[in-house]
Amino acid sequence: MKYSNNENKIQNLTADSSFNFEKTWTDGRIAPVLRIQNLWAQSIINGTPVIPGLCEGLASHKVCEAIRESSKSGLSIKI
């Protein structure tokens, strides 16, 4: 991934290794889904909530949809 700093110089951005998956498959969707399922399973076993949870995911989705709608229409969208 790349980013631009304040001087508009493009630089590489390296993700923290803690975000790496233990195993990956040719279908790039499997590893992230497995991680989420493991988080849910551990939350059930330990009796603790997954944070961020579904409510935070829904809020994030609403923001993304408002951004998309605003981009299409050029109008401000109330969230």
# chains A, B, ... in the order shown; residues from 1 in each chain; ligands from 1

$ select_by_dssp --residues "chain A" --states "strand (DSSP E or B)" --output "list in words"
Lys2, Tyr3, Ser4, Ile10, Gln11 and Asn12 of chain A

$ write_last_selection --atoms "C-alpha atoms" --output "PDB file, in the first residue's frame"
ATOM      1  CA  LYS A   2       1.198   3.523  -0.669  1.00  0.00           C
ATOM      2  CA  TYR A   3       0.407   6.916   0.813  1.00  0.00           C
ATOM      3  CA  SER A   4       1.393  10.523   0.247  1.00  0.00           C
ATOM      4  CA  ILE A  10       4.613   8.805  -2.295  1.00  0.00           C
ATOM      5  CA  GLN A  11       5.853   6.323   0.292  1.00  0.00           C
ATOM      6  CA  ASN A  12       5.225   2.670   1.079  1.00  0.00           C
TER       7      ASN A  12
END

$ atom_distance --atom1 "CA of Leu58 in chain A" --atom2 "CA of Thr26 in chain A"
28.7 Å

$ residues_around --residues "Ile51 in chain A" --least-positions-apart "4" --cutoff "12 Å" --atoms "only C-alpha atoms" --output "JSON, numbers by chain"
{"A": [36, 39, 40, 43, 55, 56, 57]}

$ write_last_selection --atoms "C-alpha atoms" --output "short mmCIF file (atom, residue, chain, number, x, y, z; two decimals), in the first residue's frame"
data_model
loop_
_atom_site.label_atom_id
_atom_site.label_comp_id
_atom_site.auth_asym_id
_atom_site.auth_seq_id
_atom_site.Cartn_x
_atom_site.Cartn_y
_atom_site.Cartn_z
CA ILE A 36 -14.15 -13.34 12.26
CA LEU A 39 -13.52 -14.19 17.20
CA TRP A 40 -17.24 -15.00 17.47
CA SER A 43 -16.64 -14.59 22.48
CA CYS A 55 -23.86 -2.45 15.81
CA GLU A 56 -20.54 -0.80 15.01
CA GLY A 57 -20.46 -2.62 11.68
#

$ select_by_dssp --residues "chain A" --states "helix (DSSP H, G or I)" --output "number ranges by chain"
A: 17-19, 30-46, 54-73

$ write_last_selection --atoms "C-alpha atoms" --output "compact mmCIF listing (two decimals), in the first residue's frame"
# COMPACT_ATOMS: atom_id res chain seq x y z
CA SER A 17 2.56 -7.96 11.26
CA SER A 18 -0.13 -8.58 13.89
CA PHE A 19 -2.66 -8.17 11.07
CA ILE A 30 -11.41 -17.38 3.44
CA ALA A 31 -8.75 -16.10 5.88
CA PRO A 32 -10.66 -12.94 6.96
CA VAL A 33 -13.92 -14.87 7.37
CA LEU A 34 -12.12 -17.54 9.41
CA ARG A 35 -10.69 -14.84 11.70
CA ILE A 36 -14.15 -13.34 12.26
CA GLN A 37 -15.69 -16.76 12.94
CA ASN A 38 -12.91 -17.53 15.44
CA LEU A 39 -13.52 -14.19 17.20
CA TRP A 40 -17.24 -15.00 17.47
CA ALA A 41 -16.54 -18.51 18.74
CA GLN A 42 -14.12 -17.22 21.38
CA SER A 43 -16.64 -14.59 22.48
CA ILE A 44 -19.27 -17.30 22.96
CA ILE A 45 -16.88 -19.60 24.82
CA ASN A 46 -15.58 -16.79 27.07
CA LEU A 54 -22.53 -5.84 14.65
CA CYS A 55 -23.86 -2.45 15.81
CA GLU A 56 -20.54 -0.80 15.01
CA GLY A 57 -20.46 -2.62 11.68
CA LEU A 58 -23.93 -1.32 10.82
CA ALA A 59 -22.94 2.23 11.77
CA SER A 60 -19.85 1.95 9.58
CA HIS A 61 -21.95 0.63 6.70
CA LYS A 62 -24.37 3.55 7.00
CA VAL A 63 -21.46 6.01 6.84
CA CYS A 64 -20.05 4.28 3.75
CA GLU A 65 -23.45 4.34 2.03
CA ALA A 66 -23.88 8.05 2.85
CA ILE A 67 -20.42 8.77 1.39
CA ARG A 68 -21.33 6.89 -1.78
CA GLU A 69 -24.67 8.68 -2.10
CA SER A 70 -23.04 12.07 -1.46
CA SER A 71 -20.42 11.32 -4.09
CA LYS A 72 -23.09 10.47 -6.67
CA SER A 73 -25.39 13.39 -5.91
